[in-house]
Structures are given as C-alpha cells and as structure tokens.
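Colleague: My structure is below; once you've seen it, I'll send some questions.
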Number of protein chains: 2
Amino acid sequence: MSEERPDDYQAGSPARLALDVLAHKWTLLIVLALKRGPLRFSRLQASVAGVSSEVLSTSLRELERDGIIERLDYATAPPRVEYDLTELGATLCEPAKAIRAWADAHGAAVLAARHRYDQLPRN
Amino acid sequence: MSEERPDDYQAGSPARLALDVLAHKWTLLIVLALKRGPLRFSRLQASVAGVSSEVLSTSLRELERDGIIERLDYATAPPRVEYDLTELGATLCEPAKAIRAWADAHGAAVLAARHRYDQLPRN
C-alpha cells in the first residue's frame with residue numbers, strides 16, 4: 001500500500017519538512033495554546049509551561065517563517081503584539097487533536113515503561 | 001471546553017511527557033518505518049533517510065526506554081537483531097497517520113511560506 005512507504009520521507013522533501021516542523025519540541029504546545037485565539041507573548045509563555053522567553057521567541061519566529069503563526073502588531077500606544085494561528089496553522093489543529101488524544105490516553109503508560117526500564121539491571 | 005485547555009500540559013505531567021516523546025525529531029519517522037513490521041538496524045536507517053547511526057542508536061534506546069519499540073535479539077549465529085513496535089508503540093500509528101496526512105497535504109505550503117519569508121526585507 002502506498003500509504004505505508006516511509007521511504008517517501010526523504011530529507012528535503014516537502015512532507016519531510018512538514019514532519020520536522022511538527023517534530024519541533026514546542027510546535028504542538030504552541031499550536032494547542034493558540035487554538036482558541038490570539039495571545040500576547042506573556043500569556044502564551046504561561047500556557048506553554050517550561051519554555052524560556054528566548055526559546056519561545058525563537059520558536060515563534062520559526063513558526064512565523066513556516067507560515068504557521070502570524071505576529072499581529074496593533075501599532076497602538078502602548079504597543080500591543082499578539083500571536084495567532086494562520087489559516088495554514090489552523091490545519092494543524094486536526095493532527096494536534098490526534099496527538100493530544102494519544103498523549104492523554106498513553107502518557108501514563110510511557111511513564112511506567114520508563115520507570116521499568118530504569119530499574120532493569122544493565123550489563 | 002476541557003479539550004481546549006493547553007494549561008493541562010504542565011512540565012512533568014504524563015501527557016506532556018508523551019507530547020515530548022512525539023515531538024522528538026525522529027520518533028515519527030521511526031514509527032512510520034516500523035509500521036509494517038520489524039526491521040534490522042541497517043534497513044531502518046535506510047528508511048529514516050538522513051539519520052546518522054549514532055543518532056538512530058540513541059533514538060532507538062530512548063524509544064525502548066519509553067516502551068514504544070522493542071529490541072528483538074534472536075541469539076542466532078550470526079547474531080540477528082531487529083526492532084519492532086510494542087503494543088504501546090502501535091497505538092502511535094493513529095496520530096502518526098494524522099500527522100502524515102497533514103505533512104502530505106501541507107508540506108508544499110510550508111515550503112512556500114518559508115521562501116516568502118526569506119525574501120522579505122528585514123529591518
């Protein structure tokens with residue numbers, strides 16, 4: 001079956017590129033955080049617990065470059081900037097939902113496996 | 001709606017841990033490569049184009065620790081070792097399919113966005 005061929009994901013192919021975007025550590029958490037609407041940087045950082053300002057800034061710039069999010073600069077005084085999903089970024093909500101369902105259902109099993117592994121004698 | 005709360009994914013929670021497993025650069029490609037059955041290291045490396053032996057070894061050990069894959073050592077002469085998805089790992093095929101569909105459908109759009117961004121004048 002053609003849908004079973006991992007060999008399609010050669011380095012440099014558009015599909016592989018897209019997989020790499022999704023495989024970035026913070027992409028999913030940022031997309032999940034923006035699902036309900038635009039957020040300021042500080043609110044976004046609070047939603048993506050554990051991310052530093054520097055790493056979040058870099059991630060947002062990369063996701064902007066990839067067309068997933070946009071930076072809304074309202075040019076008001078005082079300045080107000082928000083981040084939002086683009087139309088392309090909104091298409092990520094579907095796989096993000098599947099991933100999230102998996103994480104909710106199997107997170108505890110992964111944690112248990114990790115504990116078991118760490119208690120095995122190593123030779 | 002409770003399914004909309006990114007705040008559930010606090011650092012250290014099982015769901016966040018599971019998201020981190022999925023967000024690892026090579027997890028998806030390895031899972032997609034093993035969907036059809038066990039593979040030897042060399043065949044797996046060929047399927048996950050662009051991964052070095054060292055990085056693939058490390059990734060496989062981490063995924064084994066997380067209960068996603070298992071190492072099948074047949075103890076034959078000459079030695080034969082294969083890698084396979086565990087029952088838990090097989091549950092990843094569903095989100096992997098959703099991600100893959102997204103990558104296939106939107107990879108070109110991400111690439112185009114990236115080109116556009118790189119051609120914008122920076123100030």
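Labels used: A, B, ... for chains in the order of the structure tokens, numbers from 1 for residues in each chain, and numbers from 1 for ligands as shown.
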Write out as a list in words the residues lying within 8 Å of Ile99 in chain B, counting only C-alpha atoms and excluding same-chain residues fewer than 6 positions away.
Modeller: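 Neighbouring residues, sequence-local ones excluded: Leu19, Leu22 and Pro95 of chain A.
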Colleague: List every residue of range 30-102 of chain A that DSSP, applied to the backbone, labels as alpha helix (DSSP H), and write the result as a VMD selection string.
Modeller: chain A and resid 30 to 34 41 to 47 53 to 65 87 to 90 93 to 102
Colleague: Please return, as a ChimeraX atom specification, all residues of chain A lying within 8 Å of chain B when only C-alpha atoms are considered.
Modeller: /A:4-7,9-11,14-20,22-26,28-29,32-33,35-36,47-50,65-68,88,91-92,94-95,98-100,102-104,106-111,113-114,117-118
Colleague: I'd like the interatomic distance between CA of Gly37 in chain B and CA of Leu85 in chain B, to a tenth of an Å.
Modeller: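 Distance between the two atoms: 7.6 Å.
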Colleague: Could you tell me, as a list in words, which residues of chain A DSSP assigns to strand (DSSP E or B) when given the backbone?
Modeller: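 After running DSSP on the backbone, chain A has strand (DSSP E or B) at Leu39, Ile69, Glu70, Arg71, Leu72, Asp73, Val81, Glu82, Tyr83, Asp84 and Leu85 of chain A.
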Colleague: Quick one: residues within 12 Å of Tyr74 in chain A, only C-alpha atoms counted, chain neighbours fewer than 5 positions away excluded, as a PyMOL selection string?
Modeller: chain A and resi 40+79-83
Colleague: Could you work out how far CA of Ser53 in chain A lies from CA of Phe41 in chain A, giving the answer in Å with one decimal?
Modeller: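 Computed distance, CA of Phe41 in chain A to CA of Ser53 in chain A, equals 8.7 Å.
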Colleague: Using only C-alpha atoms, can you tell me which of B:Leu39, B:Leu120, B:Ile69, B:Leu56 comes closest to Thr86 in chain B?
Modeller: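 Using only C-alpha atoms, the shortest distance to Thr86 in chain B belongs to B:Ile69.
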